[in-house]
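Below is target.tsv, which holds TSV, C-alpha atoms.
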chain	number	residue	atom	x	y	z
A	282	MET	CA	-21.09	14.42	8.90
A	283	LEU	CA	-19.48	11.21	10.10
A	284	ALA	CA	-17.38	9.58	7.37
A	285	ASP	CA	-15.83	6.13	7.23
A	286	PHE	CA	-13.51	5.57	4.27
A	287	HIS	CA	-12.28	1.99	4.73
A	288	ASN	CA	-14.56	-1.07	4.80
A	289	HIS	CA	-14.43	-4.59	3.37
A	290	SER	CA	-17.33	-6.60	1.99
A	291	CYS	CA	-17.61	-10.37	1.54
A	292	LEU	CA	-15.54	-9.99	-1.67
A	293	SER	CA	-12.39	-9.62	0.43
A	294	PRO	CA	-11.13	-13.12	1.31
A	295	CYS	CA	-10.35	-12.01	4.87
A	296	ALA	CA	-13.81	-10.50	5.52
A	297	SER	CA	-16.89	-12.14	6.99
A	298	LEU	CA	-19.43	-13.50	4.50
A	299	GLU	CA	-22.09	-11.58	6.44
A	300	MET	CA	-20.56	-8.35	5.13
A	301	SER	CA	-22.75	-7.89	2.06
A	302	PRO	CA	-22.70	-4.36	0.60
A	303	ARG	CA	-26.35	-3.96	1.64
A	304	PHE	CA	-25.68	-5.09	5.23
A	305	ILE	CA	-22.74	-2.69	5.59
A	306	ALA	CA	-24.77	0.23	4.23
A	307	GLU	CA	-27.73	-0.49	6.51
A	308	GLU	CA	-25.62	-0.96	9.63
A	309	ALA	CA	-23.59	2.18	8.93
A	310	ALA	CA	-26.80	4.19	8.40
A	311	ILE	CA	-28.13	3.00	11.77
A	312	ALA	CA	-24.82	4.06	13.36
A	313	GLY	CA	-25.18	7.57	11.90
A	314	ILE	CA	-22.51	7.42	9.19
A	315	GLY	CA	-23.19	9.99	6.46
A	316	MET	CA	-20.45	9.09	3.97
A	317	LEU	CA	-19.26	5.51	3.58
A	318	ALA	CA	-16.64	3.88	1.38
A	319	LEU	CA	-16.33	0.28	0.23
A	320	THR	CA	-12.69	-0.70	-0.24
A	321	ASP	CA	-12.20	-4.38	-0.97
A	322	HIS	CA	-8.72	-5.73	-1.60
A	323	ASN	CA	-7.67	-4.96	-5.18
A	324	SER	CA	-11.24	-5.03	-6.49
A	325	ALA	CA	-14.24	-2.72	-6.85
A	326	ARG	CA	-16.59	-5.41	-8.14
A	327	ASN	CA	-19.02	-5.02	-5.19
A	328	THR	CA	-19.26	-1.22	-5.49
A	329	PRO	CA	-22.31	-1.16	-7.86
A	330	ALA	CA	-24.40	-3.05	-5.26
A	331	PHE	CA	-22.87	-0.92	-2.51
A	332	ALA	CA	-23.73	2.41	-4.19
A	333	THR	CA	-27.36	1.31	-4.72
A	334	ALA	CA	-27.65	0.05	-1.13
A	335	CYS	CA	-26.22	3.30	0.27
A	336	GLN	CA	-28.61	5.45	-1.74
A	337	LYS	CA	-31.57	3.44	-0.39
A	338	VAL	CA	-30.61	4.20	3.21
A	339	GLY	CA	-29.56	7.84	2.64
A	340	VAL	CA	-25.80	7.33	2.97
A	341	ILE	CA	-23.39	8.94	0.50
A	342	PRO	CA	-21.34	6.16	-1.11
A	343	LEU	CA	-17.66	6.31	-2.05
A	344	CYS	CA	-16.57	3.51	-4.35
A	345	GLY	CA	-13.03	2.36	-3.92
A	346	LEU	CA	-10.39	-0.30	-3.55
A	347	GLU	CA	-7.69	-1.07	-1.03
A	348	ILE	CA	-4.75	-1.70	-3.33
A	349	THR	CA	-1.65	-3.68	-2.32
A	350	THR	CA	1.27	-1.92	-4.01
A	351	ALA	CA	4.43	-3.68	-5.21
A	352	GLU	CA	6.07	-2.71	-1.90
A	353	GLU	CA	3.15	-4.43	-0.08
A	354	CYS	CA	1.76	-1.15	1.24
A	355	HIS	CA	-2.02	-0.94	1.50
A	356	VAL	CA	-3.47	2.24	-0.03
A	357	LEU	CA	-7.03	3.44	-0.64
A	358	ALA	CA	-8.22	4.72	-4.03
A	359	LEU	CA	-11.66	6.33	-3.70
A	360	PHE	CA	-14.11	7.51	-6.37
A	361	ASP	CA	-17.57	9.08	-6.24
A	362	ALA	CA	-19.25	6.44	-8.44
A	363	PRO	CA	-18.87	2.74	-9.28
A	364	GLU	CA	-17.75	3.24	-12.91
A	365	PRO	CA	-14.35	4.91	-12.32
A	366	ALA	CA	-13.72	2.51	-9.44
A	367	LEU	CA	-14.45	-0.47	-11.71
A	368	GLU	CA	-12.13	1.00	-14.38
A	369	MET	CA	-9.38	1.44	-11.78
A	370	GLY	CA	-10.12	-2.15	-10.76
A	371	LYS	CA	-9.39	-3.37	-14.32
A	372	TRP	CA	-5.99	-1.61	-14.22
A	373	VAL	CA	-5.28	-3.31	-10.88
A	374	TRP	CA	-6.49	-6.73	-12.13
A	375	ASN	CA	-4.10	-6.57	-15.09
A	376	ALA	CA	-1.21	-6.12	-12.63
A	377	LEU	CA	-2.42	-8.75	-10.12
A	378	PRO	CA	-0.49	-12.06	-10.06
A	379	ASP	CA	-2.57	-15.01	-11.25
A	380	ILE	CA	-2.55	-16.96	-7.98
A	381	THR	CA	-5.56	-19.21	-7.43
A	382	LEU	CA	-7.52	-18.60	-4.23
A	383	ASN	CA	-6.79	-21.41	-1.76
A	384	LEU	CA	-10.02	-21.98	0.16
A	385	ASP	CA	-8.18	-23.88	2.92
A	386	ARG	CA	-6.39	-20.65	3.82
A	387	PHE	CA	-8.79	-17.90	2.75
A	388	GLY	CA	-12.50	-17.22	2.54
A	389	ASP	CA	-14.64	-17.05	-0.61
A	390	GLN	CA	-14.59	-13.95	-2.84
A	391	PRO	CA	-18.23	-13.52	-3.97
A	392	VAL	CA	-19.43	-10.62	-6.12
A	393	VAL	CA	-23.01	-9.92	-5.05
A	394	ASP	CA	-25.93	-7.69	-6.03
A	395	GLU	CA	-27.81	-5.30	-3.75
A	396	GLN	CA	-30.23	-8.13	-2.79
A	397	GLU	CA	-27.27	-10.24	-1.56
A	398	ASN	CA	-27.53	-12.69	-4.47
A	399	ILE	CA	-24.18	-14.08	-5.65
A	400	ILE	CA	-23.41	-12.95	-9.20
A	401	THR	CA	-20.05	-14.69	-9.54
A	402	MET	CA	-17.12	-15.98	-7.50
A	403	ILE	CA	-13.63	-14.57	-8.07
A	404	ASP	CA	-11.09	-17.40	-7.98
A	405	ARG	CA	-7.89	-15.36	-8.27
A	406	LEU	CA	-6.50	-14.38	-4.84
A	407	LEU	CA	-7.29	-10.67	-4.45
A	408	THR	CA	-4.90	-9.78	-1.64
A	409	SER	CA	-1.58	-10.22	-3.52
A	410	ALA	CA	0.72	-7.29	-4.25
A	411	ILE	CA	0.20	-5.84	-7.74
A	412	GLN	CA	3.14	-5.00	-10.00
A	413	HIS	CA	2.75	-1.22	-9.66
A	414	SER	CA	4.63	0.82	-7.07
A	415	LEU	CA	3.20	3.21	-4.49
A	416	SER	CA	3.95	6.25	-6.66
A	417	GLU	CA	2.52	4.59	-9.79
A	418	VAL	CA	-0.73	3.74	-7.95
A	419	GLN	CA	-0.86	7.31	-6.62
A	420	ASP	CA	-0.47	8.82	-10.08
A	421	GLU	CA	-2.98	6.43	-11.68
A	422	THR	CA	-5.58	7.12	-8.97
A	423	HIS	CA	-5.21	10.88	-9.45
A	424	ARG	CA	-5.21	10.57	-13.25
A	425	ARG	CA	-8.58	8.82	-12.96
A	426	GLY	CA	-9.93	11.52	-10.63
A	427	GLY	CA	-9.80	9.62	-7.36
A	428	LEU	CA	-8.61	10.27	-3.82
A	429	PHE	CA	-5.34	8.59	-2.83
A	430	ILE	CA	-4.96	7.69	0.85
A	431	PRO	CA	-2.27	5.39	2.31
A	432	ALA	CA	-4.08	3.06	4.73
A	433	HIS	CA	-3.34	2.44	8.43
A	434	ILE	CA	0.17	3.85	8.02
A	435	ASN	CA	1.10	3.15	11.66
A	436	ARG	CA	0.19	-0.56	11.52
A	437	PRO	CA	3.09	-3.03	11.90
A	438	SER	CA	2.20	-4.86	8.67
A	439	PHE	CA	1.18	-3.91	5.10
A	440	SER	CA	1.61	-0.22	5.85
A	441	VAL	CA	3.79	2.50	4.34
A	442	GLU	CA	5.74	2.72	7.61
A	443	SER	CA	6.25	-1.04	8.02
A	444	GLN	CA	7.33	-1.55	4.42
A	445	LEU	CA	9.18	1.69	3.68
A	446	GLY	CA	10.39	2.80	7.11
A	447	PHE	CA	8.60	6.14	6.98
A	448	LEU	CA	6.13	8.09	4.86
A	449	PRO	CA	7.90	9.22	1.65
A	450	PRO	CA	6.96	12.62	0.15
A	451	GLY	CA	3.84	12.24	-2.00
A	452	LYS	CA	0.55	13.73	-3.13
A	453	TYR	CA	-1.60	12.27	-0.39
A	454	ASP	CA	-5.21	13.45	-0.11
A	455	ALA	CA	-5.08	12.14	3.46
A	456	ILE	CA	-3.32	9.49	5.50
A	457	GLU	CA	-5.29	6.92	7.48
A	458	VAL	CA	-3.98	6.29	10.98
A	459	LEU	CA	-5.09	3.78	13.64
A	460	ALA	CA	-7.21	5.82	16.02
A	461	PRO	CA	-5.15	6.03	19.24
A	462	GLU	CA	-2.30	7.80	17.44
A	463	ALA	CA	-4.29	10.14	15.18
A	464	ASN	CA	-3.41	13.32	17.08
A	465	LYS	CA	0.26	12.41	17.26
A	466	TYR	CA	0.36	11.88	13.48
A	467	GLN	CA	-1.51	15.10	12.74
A	468	GLN	CA	1.18	16.95	14.73
A	469	ARG	CA	3.93	15.05	12.92
A	470	TYR	CA	2.39	15.76	9.48
A	471	PRO	CA	0.65	19.14	9.89
A	472	ASP	CA	0.21	19.58	6.12
A	473	ILE	CA	-1.47	16.22	5.45
A	474	PRO	CA	-5.06	15.50	6.56
A	475	VAL	CA	-5.07	12.64	9.07
A	476	ILE	CA	-8.18	10.45	9.19
A	477	THR	CA	-9.25	7.36	11.09
A	478	SER	CA	-11.34	4.55	9.60
A	479	SER	CA	-12.97	1.35	10.81
A	480	ASP	CA	-11.30	-1.02	8.30
A	481	ALA	CA	-14.31	-3.20	9.08
A	482	HIS	CA	-14.03	-6.87	8.09
A	483	ALA	CA	-16.85	-8.15	10.36
A	484	PRO	CA	-20.25	-6.83	11.50
A	485	ASP	CA	-19.06	-5.72	14.95
A	486	GLN	CA	-16.38	-3.50	13.37
A	487	ILE	CA	-18.75	-1.36	11.29
A	488	ALA	CA	-18.68	2.37	12.18
A	489	LYS	CA	-16.20	1.86	15.02
A	490	ALA	CA	-13.66	4.55	13.99
A	491	PRO	CA	-15.21	7.18	11.70
A	492	PHE	CA	-13.97	10.78	11.45
A	493	TYR	CA	-15.83	14.07	11.10
A	494	LEU	CA	-15.90	15.64	7.63
A	495	GLU	CA	-17.49	19.01	7.01
A	496	THR	CA	-18.96	19.05	3.50
A	497	THR	CA	-22.31	19.30	1.77
A	498	ASP	CA	-20.95	18.87	-1.74
A	499	THR	CA	-19.95	15.26	-2.37
A	500	THR	CA	-17.82	15.49	-5.51
A	501	ILE	CA	-14.24	14.24	-5.17
A	502	SER	CA	-12.83	17.77	-5.46
A	503	ALA	CA	-15.16	19.01	-2.69
A	504	ILE	CA	-14.21	16.07	-0.47
A	505	ARG	CA	-10.53	16.81	-1.14
A	506	LYS	CA	-11.08	20.42	-0.04
A	507	ALA	CA	-13.00	19.33	3.05
A	508	LEU	CA	-10.19	16.95	3.97
A	509	ARG	CA	-7.68	19.83	3.71
A	510	LYS	CA	-9.62	21.62	6.45
A	511	LEU	CA	-8.61	18.85	8.86
A	512	CYS	CA	-5.00	20.10	8.73
A	513	PRO	CA	-4.11	22.41	11.62
A	514	THR	CA	-2.16	24.61	9.18
A	515	LYS	CA	-5.23	25.32	7.02
B	23	MET	CA	36.41	-7.19	0.48
B	24	ASN	CA	35.81	-4.09	-1.56
B	25	ILE	CA	32.39	-3.68	-3.13
B	26	LYS	CA	33.60	-3.57	-6.73
B	27	ASP	CA	35.37	-6.92	-6.40
B	28	MET	CA	32.35	-8.41	-4.68
B	29	ALA	CA	30.02	-7.20	-7.45
B	30	ARG	CA	32.36	-8.56	-10.15
B	31	THR	CA	32.71	-11.96	-8.44
B	32	CYS	CA	28.96	-12.28	-7.88
B	33	GLN	CA	28.25	-11.06	-11.45
B	34	TRP	CA	25.92	-8.30	-10.30
B	35	GLU	CA	24.82	-5.65	-12.77
B	36	THR	CA	26.23	-2.27	-11.78
B	37	LEU	CA	23.56	0.44	-11.71
B	38	LEU	CA	25.59	2.92	-9.67
B	39	GLU	CA	29.28	2.30	-9.10
B	40	GLY	CA	30.65	2.19	-5.56
B	41	ALA	CA	33.94	3.71	-4.43
B	42	ASP	CA	37.04	1.48	-4.44
B	43	ALA	CA	37.50	2.26	-0.78
B	44	ASN	CA	34.09	0.82	0.16
B	45	ALA	CA	35.04	-2.32	2.05
B	46	ILE	CA	32.19	-4.72	2.82
B	47	THR	CA	32.59	-6.61	6.07
B	48	SER	CA	28.96	-7.40	6.87
B	49	ALA	CA	25.56	-7.54	5.18
B	50	TYR	CA	21.88	-7.47	6.11
B	51	THR	CA	19.05	-9.17	4.20
B	52	SER	CA	15.52	-7.81	4.57
B	53	ASP	CA	12.59	-6.56	2.51
B	54	LEU	CA	10.96	-4.72	5.39
B	55	LEU	CA	12.53	-1.28	5.57
B	56	SER	CA	11.26	-0.61	9.10
B	57	ASP	CA	13.26	-3.70	10.08
B	58	VAL	CA	16.33	-2.43	8.19
B	59	MET	CA	16.03	0.89	9.97
B	60	ALA	CA	15.86	-0.80	13.38
B	61	ASN	CA	18.41	-3.59	12.96
B	62	ALA	CA	20.88	-3.04	10.11
B	63	HIS	CA	23.24	-0.60	11.81
B	64	ASP	CA	26.28	-2.88	11.65
B	65	ALA	CA	25.84	-3.71	7.97
B	66	ASP	CA	27.72	-2.31	4.96
B	67	LEU	CA	25.58	-4.03	2.33
B	68	LEU	CA	21.79	-4.37	2.07
B	69	ILE	CA	20.38	-7.38	0.18
B	70	THR	CA	16.73	-6.73	-0.71
B	71	ILE	CA	14.03	-6.68	-3.39
B	72	GLN	CA	12.87	-3.24	-2.24
B	73	ALA	CA	13.95	-0.77	-4.92
B	74	HIS	CA	11.85	2.13	-3.63
B	75	ASN	CA	13.37	5.56	-3.09
B	76	ASN	CA	12.98	5.02	0.66
B	77	THR	CA	15.40	2.08	0.45
B	78	VAL	CA	18.18	4.61	-0.14
B	79	ALA	CA	17.00	6.90	2.64
B	80	VAL	CA	16.83	4.03	5.12
B	81	ALA	CA	20.21	2.67	3.95
B	82	SER	CA	21.73	6.10	4.47
B	83	LEU	CA	20.30	6.31	8.02
B	84	ALA	CA	21.73	2.87	8.80
B	85	GLY	CA	25.18	3.70	7.38
B	86	ILE	CA	24.87	1.15	4.56
B	87	LYS	CA	27.32	1.70	1.68
B	88	ALA	CA	25.77	-0.47	-1.04
B	89	ILE	CA	22.46	-2.05	-2.00
B	90	VAL	CA	21.95	-5.13	-4.14
B	91	VAL	CA	18.45	-5.48	-5.59
B	92	CYS	CA	17.50	-9.15	-6.11
B	93	ASN	CA	15.24	-11.02	-8.56
B	94	ASP	CA	16.11	-8.58	-11.35
B	95	ARG	CA	13.60	-6.03	-10.05
B	96	THR	CA	13.26	-2.69	-11.80
B	97	VAL	CA	15.07	0.14	-10.03
B	98	PRO	CA	13.34	3.50	-10.62
B	99	ASP	CA	15.36	6.54	-11.70
B	100	ASP	CA	14.48	8.49	-8.55
B	101	THR	CA	16.01	5.70	-6.46
B	102	LEU	CA	19.26	5.93	-8.42
B	103	ALA	CA	19.26	9.74	-8.19
B	104	SER	CA	18.91	9.56	-4.40
B	105	ALA	CA	21.62	6.92	-4.21
B	106	GLN	CA	23.99	9.13	-6.18
B	107	LYS	CA	23.33	11.99	-3.78
B	108	GLU	CA	23.91	9.73	-0.75
B	109	GLN	CA	26.95	8.06	-2.39
B	110	ILE	CA	25.44	4.60	-2.01
B	111	ALA	CA	26.32	2.03	-4.68
B	112	VAL	CA	23.44	0.15	-6.31
B	113	TYR	CA	23.69	-3.28	-7.96
B	114	ARG	CA	21.14	-5.68	-9.39
B	115	THR	CA	21.15	-9.46	-9.61
B	116	GLN	CA	18.89	-12.09	-11.15
B	117	THR	CA	19.32	-14.34	-8.12
B	118	ASN	CA	16.96	-14.22	-5.14
B	119	GLN	CA	17.70	-12.92	-1.64
B	120	PHE	CA	18.70	-16.36	-0.26
B	121	GLU	CA	21.08	-17.17	-3.10
B	122	THR	CA	22.57	-13.67	-2.99
B	123	SER	CA	23.01	-13.86	0.79
B	124	CYS	CA	24.74	-17.24	0.50
B	125	ALA	CA	27.13	-15.91	-2.16
B	126	VAL	CA	27.98	-12.84	-0.08
B	127	GLY	CA	28.36	-14.95	3.07
B	128	LYS	CA	30.82	-17.26	1.29
B	129	LEU	CA	32.92	-14.30	0.14
B	130	LEU	CA	32.94	-12.67	3.56
B	131	GLN	CA	34.02	-15.91	5.24
B	132	SER	CA	36.74	-16.80	2.74
Could you show the structure in this file as structure tokens?
Amino acid sequence: MLADFHNHSCLSPCASLEMSPRFIAEEAAIAGIGMLALTDHNSARNTPAFATACQKVGVIPLCGLEITTAEECHVLALFDAPEPALEMGKWVWNALPDITLNLDRFGDQPVVDEQENIITMIDRLLTSAIQHSLSEVQDETHRRGGLFIPAHINRPSFSVESQLGFLPPGKYDAIEVLAPEANKYQQRYPDIPVITSSDAHAPDQIAKAPFYLETTDTTISAIRKALRKLCPTK
Amino acid sequence: MNIKDMARTCQWETLLEGADANAITSAYTSDLLSDVMANAHDADLLITIQAHNNTVAVASLAGIKAIVVCNDRTVPDDTLASAQKEQIAVYRTQTNQFETSCAVGKLLQS
């Protein structure tokens, strides 16, 4: 099936307000995506609406967050239900600096339901770096049963490579690479699954860079195994 | 100026002692390790808030002899272990990168 592990809803201050969880799920279903993740910056508060919306259109939901580590690397933490994602979100929130969202510089951060009604507005800026390091976020994600995937590692900003020079040894379930260089990175890291993702922030970016994942079982451990099959050495 | 004298003068906390012979003649200030890797080749000292293990690896590649971690950031044990292996001195200061850079600049120019 086609999988897309990195998408932002209206909760992310840099994403379009049109990107309700329901809209993303419906558009991705039309585009033929079978497994879809919601990964807002440092928050999973829109994943309950997202999971419901995905189930309605026959898409398998992954509930996650794109966490900004202390080193300012973006990493994905993915779970197979909203609850563990929300719990991970509380751990992240407790380590997130209390900086008020400046609406002159950023967009709103609405938490919405599956009918696109606003439940609440988050007024703490969600994109800041949390106090936990890359390895601490990795260990916490795994301890809570999630998948840990450094995001867009070949991007010139907020990536493992931009912040740390190169990918340090770690327990990565996959690494996300910007599409044109995916093959090059899979050759460079033959033991780590390399995926592409849309990192959609606006409607026209939905389902633009999915990858193919061969799995029928949708538990985290089955997805982890299916990801391993992407490695040329497996 | 040798690194031990510099650390003493600047009142840095010593996390991993440098060798007496380590003379500092230039420094580089950056928190982006890809930038350090590309541009810090003439530097002996790295001024940064990045205390990740990769800081040591990148410093080693660039030929840097000592790292000073600013803003009193925590330095993980694995970073210090790598630094010991690479024979790179590690110091910590409560001052920020600008203040630390100014202090080092003053010493290097005097």
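If all atoms listed in the file are the atoms counted, then among A:Ile411, A:Ala334, A:Ala284, A:Leu406 the closest residue to Thr477 (chain A) is A:Ala284.
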Within 10 Å of chain A: each chain B residue with its shortest pair, only C-alpha atoms, as a tab-separated table:
residue	atom	partner	partner_atom	distance
B:Asp53	CA	A:Gln444	CA	7.5
B:Leu54	CA	A:Gln444	CA	4.9
B:Leu55	CA	A:Gly446	CA	4.9
B:Ser56	CA	A:Gly446	CA	4.0
B:Asp57	CA	A:Gly446	CA	7.7
B:Val58	CA	A:Gly446	CA	8.0
B:Met59	CA	A:Gly446	CA	6.6
B:Ala60	CA	A:Gly446	CA	9.1
B:Ile71	CA	A:Glu352	CA	9.0
B:Gln72	CA	A:Glu352	CA	6.8
B:Ala73	CA	A:Glu352	CA	8.7
B:His74	CA	A:Glu352	CA	7.7
B:Asn75	CA	A:Pro449	CA	8.1
B:Asn76	CA	A:Leu445	CA	5.9
B:Thr77	CA	A:Leu445	CA	7.0
B:Ala79	CA	A:Gly446	CA	9.0
B:Val80	CA	A:Gly446	CA	6.9
B:Pro98	CA	A:Ser414	CA	9.8
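Shortest atom-to-atom contact with Val97 (chain B) among B:Thr31, B:Gln109, B:Thr36, B:Thr47: B:Thr36, counting all atoms listed in the file.
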Distance CA of Arg425 (chain A)-CA of Arg326 (chain A), one decimal place?
17.0 Å
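Taking CA of Asp361 (chain A) and CA of Asp285 (chain A) as endpoints, the distance between them is 13.9 Å.
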Surrounding residues of Val392 (chain A) excluding itself and chain neighbours under 5 positions, 7 Å, all atoms listed in the file, as a PyMOL selection string
chain A and resi 292+326-327+399-402
How many Å lie between CA of Pro294 (chain A) and CA of Phe360 (chain A), rounded to one decimal?
22.2 Å
Can you tell me which residues surround Asn44 (chain B) at a distance of at most 10 Å, considering all atoms listed in the file, apart from same-chain residues fewer than 3 positions away, and format the answer as a count of residues only?
12
Write out as a list in words each polymer residue whose atoms come within 10 Å of region 121-132 of chain B, counting only C-alpha atoms; drop sequence neighbours fewer than 2 positions from it.
Met23, Met28, Ala29, Thr31, Cys32, Trp34, Ile46, Thr47, Ser48, Ala49, Tyr50, Thr51, Leu67, Leu68, Ile69, Thr70, Val90, Val91, Cys92, Asn93, Thr115, Gln116, Thr117, Asn118 and Gln119 of chain B
Find the residues around Thr333 (chain A) up to 9 Å (all atoms listed in the file counted), leave out those fewer than 3 positions away in its own chain, and share them as a short mmCIF file (atom, residue, chain, number, x, y, z; two decimals) with C-alpha atoms, in the frame of the given file.
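Output file around13.cif is given in full below:
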data_model
loop_
_atom_site.label_atom_id
_atom_site.label_comp_id
_atom_site.auth_asym_id
_atom_site.auth_seq_id
_atom_site.Cartn_x
_atom_site.Cartn_y
_atom_site.Cartn_z
CA ARG A 303 -26.35 -3.96 1.64
CA THR A 328 -19.26 -1.22 -5.49
CA PRO A 329 -22.31 -1.16 -7.86
CA ALA A 330 -24.40 -3.05 -5.26
CA GLN A 336 -28.61 5.45 -1.74
CA LYS A 337 -31.57 3.44 -0.39
CA PRO A 342 -21.34 6.16 -1.11
CA GLU A 395 -27.81 -5.30 -3.75
#
